[in-house]
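Below: one structure, written as structure tokens.
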Amino acid sequence: MCSSDLFNVGAIVRTAAALGAGPVWLCGSTASPDHPSARKTALGTDRYLDLRAEPDPAAAAGQARAEGLRVVAVELASGAVPLHEAPLDGAVCLAVGNEDRGCSAALLAVADVVAYIPQPGKVGSLNVAAAAAIALAEARRRDWTAG
């Protein structure tokens, strides 16, 4: 995750804990989950997560891959596949970017897959915390339906 917004950091932490994700890499200029505003949103759920700080998102992707995870960047980008078609089965690391800039070009270059969330409505983008929640829930749903 690369989020500078305290609410988004707290919301992503809470969603990740609720869906049993981990570890969670905090990259770039990510706001501290220890900040009172982030903690207020997370409601202390960070205690259930393995939070890791890594300034470079591409390096975090490399660490995830070294731990046997497939890296799927969630981004509206050229060549991205719809999230429902992305390989989210098994061990996967979902990468979400900054609210304003999305995933860095370096992260997109090292990701195994880039996926986007189809949005048939009149709005072309989502809040990063909402996008992370959708992607996490879809990955978890696939685990549940696979048995």
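Chain identifiers are assigned as A, B, and so on, following the order in which chains appear in the structure tokens; residues are numbered from 1 within each chain, and ligands are numbered from 1 in order of appearance.
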
Check which residues of region 24-101 of chain A sit at most 12 Å from region 126-133 of chain A using only C-alpha atoms, and return one row each with the closest pair of atoms and their distance in Å to one decimal, ordered by chain and rising number, as a Markdown table.
```
| residue | atom | partner | partner_atom | distance |
| --- | --- | --- | --- | --- |
| A:Val24 | CA | A:Ala132 | CA | 11.8 |
| A:Thr41 | CA | A:Ala129 | CA | 11.5 |
| A:Ala42 | CA | A:Ala129 | CA | 11.8 |
| A:Val72 | CA | A:Ala132 | CA | 11.5 |
| A:Ala73 | CA | A:Ala132 | CA | 10.3 |
| A:Val74 | CA | A:Ala131 | CA | 7.8 |
| A:Glu75 | CA | A:Ala131 | CA | 9.1 |
| A:Leu76 | CA | A:Leu126 | CA | 10.1 |
| A:Leu83 | CA | A:Ala131 | CA | 10.5 |
| A:Cys93 | CA | A:Ala132 | CA | 11.3 |
| A:Leu94 | CA | A:Ala132 | CA | 7.9 |
| A:Ala95 | CA | A:Ala132 | CA | 8.3 |
| A:Val96 | CA | A:Ala132 | CA | 6.5 |
| A:Gly97 | CA | A:Val128 | CA | 7.2 |
| A:Asn98 | CA | A:Val128 | CA | 7.3 |
| A:Glu99 | CA | A:Val128 | CA | 5.8 |
| A:Asp100 | CA | A:Val128 | CA | 9.2 |
| A:Arg101 | CA | A:Val128 | CA | 10.6 |
```

**Q.** DSSP helix (DSSP H, G or I) selection over chain A, as a count of residues only
**A.** 62

(Q) Need the shell around region 56-69 of chain A: protein/DNA/RNA residues with any atom at most 8 Å away, counting only C-alpha atoms. Skip same-chain ones fewer than 3 positions apart. Format as a VMD selection string? (A) chain A and resid 2 25 27 to 28 91 to 93 104 106 to 107 110 to 111

(Q) If we count only C-alpha atoms and set the cut-off at 12 Å, which residues sit around Arg142 (chain A), ignoring sequence neighbours fewer than 2 positions away in its own chain? Please answer as an MDAnalysis selection string. (A) chainID A and resid 83:92 135:140 144:147

Q.
Using DSSP assignments from the backbone, pull out every residue in region 11-130 of chain A that falls under strand (DSSP E or B) and give it to me as a list in words.
A. Val24, Trp25, Leu26, Cys27, Leu51, Arg52, Ala53, Glu54, Arg70, Val71, Val72, Ala73, Val74, Val81, Pro82, Val92, Cys93, Leu94, Ala95, Val96, Asn98, Gly102, Val113, Val114, Ala115 and Tyr116 of chain A

Q: Find the residues around region 45-51 of chain A up to 9 Å (only C-alpha atoms counted), leave out those fewer than 5 positions away in its own chain, and share them as number ranges by chain.
A: A: 10, 13-18, 20-26, 33-34, 39

Can I get the selected residues back with all heavy atoms, as a tab-separated table (two decimals), in the first residue's frame?
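Everything below was put into selection_22.tsv:
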```tsv
chain	number	residue	atom	x	y	z
A	10	GLY	N	-5.94	3.64	7.56
A	10	GLY	CA	-6.71	2.95	8.59
A	10	GLY	C	-7.74	2.00	8.01
A	10	GLY	O	-7.92	0.88	8.50
A	13	VAL	N	-5.96	-1.07	6.51
A	13	VAL	CA	-5.50	-1.94	7.60
A	13	VAL	C	-6.67	-2.73	8.17
A	13	VAL	O	-6.58	-3.95	8.37
A	13	VAL	CB	-4.80	-1.10	8.69
A	13	VAL	CG1	-4.65	-1.86	9.99
A	13	VAL	CG2	-3.44	-0.62	8.20
A	14	ARG	N	-7.77	-2.06	8.42
A	14	ARG	CA	-8.94	-2.74	8.99
A	14	ARG	C	-9.49	-3.80	8.05
A	14	ARG	O	-9.83	-4.91	8.48
A	14	ARG	CB	-10.01	-1.69	9.31
A	14	ARG	CG	-11.18	-2.24	10.10
A	14	ARG	CD	-12.04	-1.10	10.56
A	14	ARG	NE	-13.28	-1.55	11.16
A	14	ARG	CZ	-14.22	-0.74	11.59
A	14	ARG	NH1	-14.05	0.57	11.49
A	14	ARG	NH2	-15.31	-1.21	12.11
A	15	THR	N	-9.58	-3.49	6.77
A	15	THR	CA	-10.06	-4.46	5.79
A	15	THR	C	-9.10	-5.65	5.68
A	15	THR	O	-9.54	-6.80	5.64
A	15	THR	CB	-10.24	-3.79	4.41
A	15	THR	OG1	-11.18	-2.73	4.54
A	15	THR	CG2	-10.74	-4.78	3.38
A	16	ALA	N	-7.81	-5.36	5.64
A	16	ALA	CA	-6.82	-6.44	5.55
A	16	ALA	C	-6.92	-7.37	6.75
A	16	ALA	O	-6.86	-8.60	6.62
A	16	ALA	CB	-5.42	-5.85	5.44
A	17	ALA	N	-7.09	-6.80	7.93
A	17	ALA	CA	-7.23	-7.63	9.13
A	17	ALA	C	-8.52	-8.43	9.10
A	17	ALA	O	-8.54	-9.61	9.46
A	17	ALA	CB	-7.16	-6.74	10.38
A	18	ALA	N	-9.60	-7.80	8.66
A	18	ALA	CA	-10.90	-8.49	8.62
A	18	ALA	C	-10.88	-9.68	7.67
A	18	ALA	O	-11.53	-10.70	7.91
A	18	ALA	CB	-12.00	-7.51	8.21
A	20	GLY	N	-8.11	-11.37	6.81
A	20	GLY	CA	-7.00	-12.27	7.10
A	20	GLY	C	-5.81	-12.12	6.18
A	20	GLY	O	-5.12	-13.09	5.89
A	21	ALA	N	-5.55	-10.91	5.71
A	21	ALA	CA	-4.41	-10.67	4.83
A	21	ALA	C	-3.13	-10.52	5.64
A	21	ALA	O	-3.16	-10.27	6.83
A	21	ALA	CB	-4.65	-9.40	4.01
A	22	GLY	N	-2.06	-10.67	4.96
A	22	GLY	CA	-0.78	-10.39	5.58
A	22	GLY	C	0.33	-11.07	4.83
A	22	GLY	O	0.09	-12.03	4.13
A	23	PRO	N	1.51	-10.56	4.87
A	23	PRO	CA	1.88	-9.28	5.47
A	23	PRO	C	1.39	-8.10	4.64
A	23	PRO	O	0.97	-8.27	3.50
A	23	PRO	CB	3.41	-9.34	5.49
A	23	PRO	CG	3.76	-10.24	4.36
A	23	PRO	CD	2.66	-11.25	4.27
A	24	VAL	N	1.46	-6.91	5.23
A	24	VAL	CA	1.08	-5.68	4.54
A	24	VAL	C	2.31	-4.79	4.48
A	24	VAL	O	2.88	-4.44	5.51
A	24	VAL	CB	-0.07	-4.96	5.29
A	24	VAL	CG1	-0.38	-3.62	4.62
A	24	VAL	CG2	-1.31	-5.83	5.34
A	25	TRP	N	2.73	-4.49	3.24
A	25	TRP	CA	3.87	-3.61	3.05
A	25	TRP	C	3.38	-2.18	2.96
A	25	TRP	O	2.46	-1.88	2.20
A	25	TRP	CB	4.64	-3.98	1.78
A	25	TRP	CG	5.54	-5.15	1.92
A	25	TRP	CD1	6.85	-5.13	2.32
A	25	TRP	CD2	5.22	-6.52	1.67
A	25	TRP	NE1	7.36	-6.40	2.34
A	25	TRP	CE2	6.38	-7.28	1.93
A	25	TRP	CE3	4.07	-7.19	1.25
A	25	TRP	CZ2	6.43	-8.66	1.80
A	25	TRP	CZ3	4.11	-8.56	1.10
A	25	TRP	CH2	5.28	-9.29	1.37
A	26	LEU	N	3.99	-1.29	3.72
A	26	LEU	CA	3.68	0.14	3.70
A	26	LEU	C	4.80	0.81	2.91
A	26	LEU	O	5.96	0.80	3.34
A	26	LEU	CB	3.63	0.70	5.12
A	26	LEU	CG	2.71	-0.07	6.08
A	26	LEU	CD1	2.95	0.37	7.51
A	26	LEU	CD2	1.27	0.09	5.68
A	33	PRO	N	0.40	4.03	10.20
A	33	PRO	CA	-0.80	3.46	10.81
A	33	PRO	C	-0.86	3.74	12.31
A	33	PRO	O	-1.90	3.54	12.93
A	33	PRO	CB	-0.68	1.96	10.53
A	33	PRO	CG	0.69	1.72	10.04
A	33	PRO	CD	1.30	3.03	9.66
A	34	ASP	N	0.23	4.25	12.89
A	34	ASP	CA	0.24	4.61	14.31
A	34	ASP	C	-0.31	6.01	14.57
A	34	ASP	O	-0.52	6.38	15.73
A	34	ASP	CB	1.67	4.52	14.87
A	34	ASP	CG	2.15	3.09	14.97
A	34	ASP	OD1	1.31	2.19	15.17
A	34	ASP	OD2	3.36	2.87	14.82
A	39	ARG	N	-5.35	5.19	13.38
A	39	ARG	CA	-5.73	4.23	14.42
A	39	ARG	C	-7.23	4.29	14.72
A	39	ARG	O	-7.85	3.27	15.00
A	39	ARG	CB	-4.92	4.46	15.69
A	39	ARG	CG	-3.43	4.12	15.49
A	39	ARG	CD	-2.66	4.10	16.78
A	39	ARG	NE	-3.12	3.11	17.73
A	39	ARG	CZ	-2.90	1.79	17.66
A	39	ARG	NH1	-2.23	1.31	16.63
A	39	ARG	NH2	-3.33	0.98	18.58
```
